[in-house]
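Following: one structure in structure tokens, then a few remarks.
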Amino acid sequence: MDEDVDLAAWAGGLDGLFAQVARRFPRAEPRRRARAYVRGLLAPLAGKNGWTLAEVAGDATPDGMQRLLNSARWKADEVRDDVRGYVVEHLGEPGGVLIVDETGFLKKGVKSAGVQRQYSGTAGRVENCQLGVFLAYATTKGRTLIDRELYLPKSWTGDRTRCRAAAIDDEIEFATKAVLAQNMLGRALDAGVPASWVTADEAYGQDHKFRTWCEQRRIGYVVAVPRSQTIPAGAGSSRADHAVAGAPEQAWRRRSCADGAKGPRLFDWAVATVSTGEDTPPGWGRWLLARRQILSPAQLEAGKDPELAFYLCAGPPGTTDEELIRVAGARWAIEECFQTAKNEVGLDQYQVRRYDAWYRHITLAILAHAYLAVTAAIAPKDLAAASSRSPSQRSVVSWHT
């Protein structure tokens, strides 16, 4: 009986979420398809493609699901905005962290929008793939993906005929991954997402323009940089690894940056204040943060050198070392989001070539992932009750057509 109640509450919470996005589908048929599509993404299926999603929906062919992604009238960006609002409603809190990262989608052929041979961190090597740049939001309540952009290499944007064949509009021009990240961060900040920090890996952290943009938007950052990164040092400059090599042993403190699957993620950390520039917001500070691996006695005896990681940071007055370490640890949250989104809601299991169809599938997968994140943070019964109290529940009437 309790399982039946929990299942009903789970379904009621999902219906409440769909009540918020229903208005984005002007016609009843794509509205029903979208809900069936997301229910399929949430179902325990071995594979989540057009055929399997159609079977779960009771369709004889995948034509309806393909039509939803390729030609039905609805705007994925509007659904994305609703999902972001849903996440903020349930998981938002001051001090939240916005996390930027990319993930690869292995593909065959040359016709899928943005596909080419390029390095994929997912595969750990150069592969024929698409790259998606994503934005995640993490708080003490939970973490989930809230935005996405498909990276289009110059080999694509320089060939407008090829772009048109993949439904890429002529006005879409080349943008670096860092610029795509800035666009997503700007949307989140403009929408009022309660966040105080941005974190990202070396691909974004070493980009001076990206760091400057964050400072101009008055949002703190803790971003990874390579060991060769130039660090302002008094009248001159130094490499990050050279600066850290000169840190006294008493500067290192053992701290956990986050909880992992096996407990606290413990490292030794050191923080140094670095020079600020004229473009730094008034009163803000800049820091170099270093993370050092803790070696076992056997590793020490064998003479192994500990692995080091380096971060450039900037933040408002009153920022503590513990806060910088906390934000550095938050970056792992997006890796967990990628893993669960691919394993649980089929983020990477699409079969589309069109640019707009990629955004539609990915957006619906993000919606499904957000629902999992919220239900993990809130008891299903409480979530269903909150959905029934929401004024947007009035639009449920449009669902029963």
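Please note that chains go A, B, ... in the order of the structure tokens, that every chain numbers its residues from 1, and that ligands are numbered from 1 in the order shown.
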Could you please write out, as number ranges by chain, every residue of segment 211-391 of chain A that DSSP assigns to helix (DSSP H, G or I)?
A: 211-216, 240-245, 249-251, 297-301, 321-330, 332-345, 355-377, 380-389, 391
With a distance cut-off of 7 Å and only C-alpha atoms, select the neighbouring residues of Leu308 of chain A, excluding the residue or stretch itself and same-chain residues fewer than 5 positions from it, and output the selection as JSON, numbers by chain.
{"A": [290, 291, 292, 293]}
I want to know what sits within 8 Å of segment 73-81 of chain A, based on only C-alpha atoms, with residues of the same chain fewer than 6 positions away left out; could you give that as a list of chain:residue names?
A:Val21, A:Arg24, A:Phe25, A:Pro26, A:Arg27, A:Pro30, A:Ile146, A:Asp147, A:Tyr359, A:Arg360, A:Thr363, A:Leu367
List the neighbours of Pro153 of chain A out to 8 Å using only C-alpha atoms; skip same-chain residues closer than 3 positions along the sequence, and give me the result as a PDB file with C-alpha atoms, in the first residue's frame.
```pdb
ATOM      1  CA  GLY A 114      28.480  19.967 -34.788  1.00  0.00           C
ATOM      2  CA  GLN A 116      33.673  16.172 -36.079  1.00  0.00           C
ATOM      3  CA  TRP A 156      30.681  23.835 -39.377  1.00  0.00           C
ATOM      4  CA  THR A 157      30.121  27.577 -39.047  1.00  0.00           C
ATOM      5  CA  PHE A 174      31.173  30.403 -34.222  1.00  0.00           C
TER       6      PHE A 174
END
```
Within 7 Å of segment 219-228 of chain A, which residues of segment 232-256 of chain A show up? Give each one with its shortest atom-to-atom distance in Å (one decimal) and the two atoms involved, counting only C-alpha atoms, rows by chain then rising residue number, as a Markdown table.
```
| residue | atom | partner | partner_atom | distance |
| --- | --- | --- | --- | --- |
| A:Arg239 | CA | A:Ser228 | CA | 5.2 |
| A:Ala240 | CA | A:Arg227 | CA | 5.3 |
| A:Asp241 | CA | A:Arg227 | CA | 5.0 |
```
I need the chosen residues saved as a compact mmCIF listing (two decimals), in the first residue's frame, with N, CA and C atoms.
```txt
# COMPACT_ATOMS: atom_id res chain seq x y z
N ARG A 239 54.90 31.35 -12.36
CA ARG A 239 54.03 30.23 -12.71
C ARG A 239 53.35 29.71 -11.45
N ALA A 240 52.16 29.12 -11.65
CA ALA A 240 51.42 28.60 -10.50
C ALA A 240 52.22 27.54 -9.75
N ASP A 241 52.85 26.61 -10.49
CA ASP A 241 53.58 25.55 -9.80
C ASP A 241 54.82 26.08 -9.09
```
In Å, rounded to a single decimal, give me how far atom CA of Arg331 of chain A is from atom CA of Thr139 of chain A.
11.6 Å
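Distance check against Gly205 of chain A using only C-alpha atoms: of A:Asp63, A:Asp268, A:Asp101, A:Glu89, the minimum falls on A:Asp101.
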Show which residues sit within 9 Å of Cys129 of chain A, as a PyMOL selection string. Count only C-alpha atoms, and ignore same-chain residues fewer than 5 positions away.
chain A and resi 104-108+112+114-120
File of the preceding selection, C-alpha atoms, as a PDB file, in the first residue's frame:
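Final output, saved to result-v1.pdb:
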```pdb
ATOM      1  CA  GLY A 104      30.998  14.379 -25.434  1.00  0.00           C
ATOM      2  CA  PHE A 105      28.427  12.431 -27.422  1.00  0.00           C
ATOM      3  CA  LEU A 106      30.011   9.812 -29.672  1.00  0.00           C
ATOM      4  CA  LYS A 107      28.473   9.752 -33.151  1.00  0.00           C
ATOM      5  CA  LYS A 108      28.933   8.045 -36.496  1.00  0.00           C
ATOM      6  CA  SER A 112      24.825  15.360 -37.034  1.00  0.00           C
ATOM      7  CA  GLY A 114      28.480  19.967 -34.788  1.00  0.00           C
ATOM      8  CA  VAL A 115      29.999  16.510 -35.202  1.00  0.00           C
ATOM      9  CA  GLN A 116      33.673  16.172 -36.079  1.00  0.00           C
ATOM     10  CA  ARG A 117      36.796  14.423 -34.839  1.00  0.00           C
ATOM     11  CA  GLN A 118      37.671  16.302 -31.653  1.00  0.00           C
ATOM     12  CA  TYR A 119      38.875  15.590 -28.158  1.00  0.00           C
ATOM     13  CA  SER A 120      36.201  14.152 -25.894  1.00  0.00           C
TER      14      SER A 120
END
```
Judged by only C-alpha atoms, the minimum distance to Pro306 of chain A among A:Trp332, A:Glu202, A:Phe267, A:Asp15 is found for A:Phe267
Would you list the contacts of Gly346 of chain A as a ChimeraX atom specification, taking every protein, DNA or RNA residue within 8 Å and counting only C-alpha atoms, but skipping same-chain residues closer than 2 positions in sequence?
/A:41,47-48,341-344,348-350,365
List as a count of residues only the protein and nucleic acid residues near segment 180-192 of chain A, meaning an atom at most 7 Å away when only C-alpha atoms are counted, but skip any in the same chain fewer than 2 places from it.
10
I need the residues in segment 107-141 of chain A that are strand (DSSP E or B) according to DSSP; give them as a ChimeraX atom specification.
/A:116-120,125-138
Using only N, CA, C and O atoms, please write the residues we just selected to a file, as a PDB file, in the first residue's frame.
```pdb
ATOM      1  N   GLN A 116      32.381  16.258 -35.398  1.00  0.00           N
ATOM      2  CA  GLN A 116      33.673  16.172 -36.079  1.00  0.00           C
ATOM      3  C   GLN A 116      34.620  15.393 -35.177  1.00  0.00           C
ATOM      4  O   GLN A 116      34.303  15.104 -34.026  1.00  0.00           O
ATOM      5  N   ARG A 117      35.788  15.053 -35.680  1.00  0.00           N
ATOM      6  CA  ARG A 117      36.796  14.423 -34.839  1.00  0.00           C
ATOM      7  C   ARG A 117      37.379  15.496 -33.939  1.00  0.00           C
ATOM      8  O   ARG A 117      37.959  16.484 -34.395  1.00  0.00           O
ATOM      9  N   GLN A 118      37.203  15.324 -32.625  1.00  0.00           N
ATOM     10  CA  GLN A 118      37.671  16.302 -31.653  1.00  0.00           C
ATOM     11  C   GLN A 118      37.860  15.590 -30.323  1.00  0.00           C
ATOM     12  O   GLN A 118      37.333  14.490 -30.106  1.00  0.00           O
ATOM     13  N   TYR A 119      38.605  16.241 -29.434  1.00  0.00           N
ATOM     14  CA  TYR A 119      38.875  15.590 -28.158  1.00  0.00           C
ATOM     15  C   TYR A 119      37.611  15.527 -27.312  1.00  0.00           C
ATOM     16  O   TYR A 119      36.904  16.519 -27.138  1.00  0.00           O
ATOM     17  N   SER A 120      37.330  14.356 -26.787  1.00  0.00           N
ATOM     18  CA  SER A 120      36.201  14.152 -25.894  1.00  0.00           C
ATOM     19  C   SER A 120      36.725  13.689 -24.542  1.00  0.00           C
ATOM     20  O   SER A 120      37.365  12.630 -24.444  1.00  0.00           O
ATOM     21  N   ARG A 125      39.931  10.706 -25.400  1.00  0.00           N
ATOM     22  CA  ARG A 125      40.752  10.707 -26.615  1.00  0.00           C
ATOM     23  C   ARG A 125      39.985  11.452 -27.715  1.00  0.00           C
ATOM     24  O   ARG A 125      38.836  11.851 -27.539  1.00  0.00           O
ATOM     25  N   VAL A 126      40.637  11.625 -28.860  1.00  0.00           N
ATOM     26  CA  VAL A 126      39.986  12.244 -30.012  1.00  0.00           C
ATOM     27  C   VAL A 126      39.040  11.225 -30.632  1.00  0.00           C
ATOM     28  O   VAL A 126      39.435  10.098 -30.938  1.00  0.00           O
ATOM     29  N   GLU A 127      37.792  11.628 -30.808  1.00  0.00           N
ATOM     30  CA  GLU A 127      36.767  10.756 -31.391  1.00  0.00           C
ATOM     31  C   GLU A 127      35.855  11.568 -32.291  1.00  0.00           C
ATOM     32  O   GLU A 127      35.820  12.803 -32.218  1.00  0.00           O
ATOM     33  N   ASN A 128      35.104  10.889 -33.128  1.00  0.00           N
ATOM     34  CA  ASN A 128      34.054  11.541 -33.907  1.00  0.00           C
ATOM     35  C   ASN A 128      32.878  11.760 -32.958  1.00  0.00           C
ATOM     36  O   ASN A 128      32.235  10.805 -32.515  1.00  0.00           O
ATOM     37  N   CYS A 129      32.612  13.007 -32.621  1.00  0.00           N
ATOM     38  CA  CYS A 129      31.621  13.256 -31.582  1.00  0.00           C
ATOM     39  C   CYS A 129      31.068  14.673 -31.669  1.00  0.00           C
ATOM     40  O   CYS A 129      31.583  15.532 -32.385  1.00  0.00           O
ATOM     41  N   GLN A 130      29.982  14.896 -30.942  1.00  0.00           N
ATOM     42  CA  GLN A 130      29.463  16.218 -30.653  1.00  0.00           C
ATOM     43  C   GLN A 130      29.893  16.586 -29.242  1.00  0.00           C
ATOM     44  O   GLN A 130      30.061  15.712 -28.390  1.00  0.00           O
ATOM     45  N   LEU A 131      30.057  17.883 -28.989  1.00  0.00           N
ATOM     46  CA  LEU A 131      30.381  18.351 -27.652  1.00  0.00           C
ATOM     47  C   LEU A 131      29.282  19.285 -27.168  1.00  0.00           C
ATOM     48  O   LEU A 131      28.941  20.264 -27.847  1.00  0.00           O
ATOM     49  N   GLY A 132      28.754  18.997 -26.008  1.00  0.00           N
ATOM     50  CA  GLY A 132      27.775  19.871 -25.382  1.00  0.00           C
ATOM     51  C   GLY A 132      28.386  20.560 -24.180  1.00  0.00           C
ATOM     52  O   GLY A 132      29.059  19.917 -23.374  1.00  0.00           O
ATOM     53  N   VAL A 133      28.190  21.868 -24.083  1.00  0.00           N
ATOM     54  CA  VAL A 133      28.635  22.627 -22.917  1.00  0.00           C
ATOM     55  C   VAL A 133      27.422  22.801 -22.006  1.00  0.00           C
ATOM     56  O   VAL A 133      26.351  23.217 -22.468  1.00  0.00           O
ATOM     57  N   PHE A 134      27.580  22.487 -20.728  1.00  0.00           N
ATOM     58  CA  PHE A 134      26.441  22.457 -19.802  1.00  0.00           C
ATOM     59  C   PHE A 134      26.697  23.340 -18.592  1.00  0.00           C
ATOM     60  O   PHE A 134      27.839  23.612 -18.217  1.00  0.00           O
ATOM     61  N   LEU A 135      25.582  23.760 -17.990  1.00  0.00           N
ATOM     62  CA  LEU A 135      25.620  24.507 -16.745  1.00  0.00           C
ATOM     63  C   LEU A 135      24.821  23.741 -15.704  1.00  0.00           C
ATOM     64  O   LEU A 135      23.666  23.370 -15.940  1.00  0.00           O
ATOM     65  N   ALA A 136      25.445  23.488 -14.569  1.00  0.00           N
ATOM     66  CA  ALA A 136      24.769  22.831 -13.448  1.00  0.00           C
ATOM     67  C   ALA A 136      24.639  23.820 -12.295  1.00  0.00           C
ATOM     68  O   ALA A 136      25.386  24.799 -12.205  1.00  0.00           O
ATOM     69  N   TYR A 137      23.678  23.543 -11.426  1.00  0.00           N
ATOM     70  CA  TYR A 137      23.446  24.364 -10.235  1.00  0.00           C
ATOM     71  C   TYR A 137      23.508  23.453  -9.031  1.00  0.00           C
ATOM     72  O   TYR A 137      22.854  22.399  -9.008  1.00  0.00           O
ATOM     73  N   ALA A 138      24.320  23.831  -8.031  1.00  0.00           N
ATOM     74  CA  ALA A 138      24.495  22.979  -6.844  1.00  0.00           C
ATOM     75  C   ALA A 138      24.313  23.790  -5.575  1.00  0.00           C
ATOM     76  O   ALA A 138      24.840  24.898  -5.446  1.00  0.00           O
TER      77      ALA A 138
END
```
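Here atom CA of Ile325 of chain A is placed at a distance of 29.0 Å from atom CA of Ala302 of chain A.
Closest approach to Ala36 of chain A from the set A:Leu17, A:Cys163, A:Ala245, A:Leu53 is made by A:Leu53, with distances taken over only C-alpha atoms.
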Kindly indicate which residue among A:Arg143, A:Asp82, A:Arg255, A:Lys111 lies nearest to Thr161 of chain A, using only C-alpha atoms for the distances.
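Under the stated criterion, the closest residue is A:Lys111.
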What are the closest atom pairs, with distances in Å to one decimal, for each residue of segment 124-218 of chain A lying within 12 Å of segment 282-287 of chain A, using only C-alpha atoms, rows by chain and rising residue number, as CSV?
```
residue,atom,partner,partner_atom,distance
A:Arg211,CA,A:Arg286,CA,11.0
A:Thr212,CA,A:Arg286,CA,11.8
A:Glu215,CA,A:Trp284,CA,9.1
A:Gln216,CA,A:Pro282,CA,11.0
A:Arg218,CA,A:Trp284,CA,9.4
```
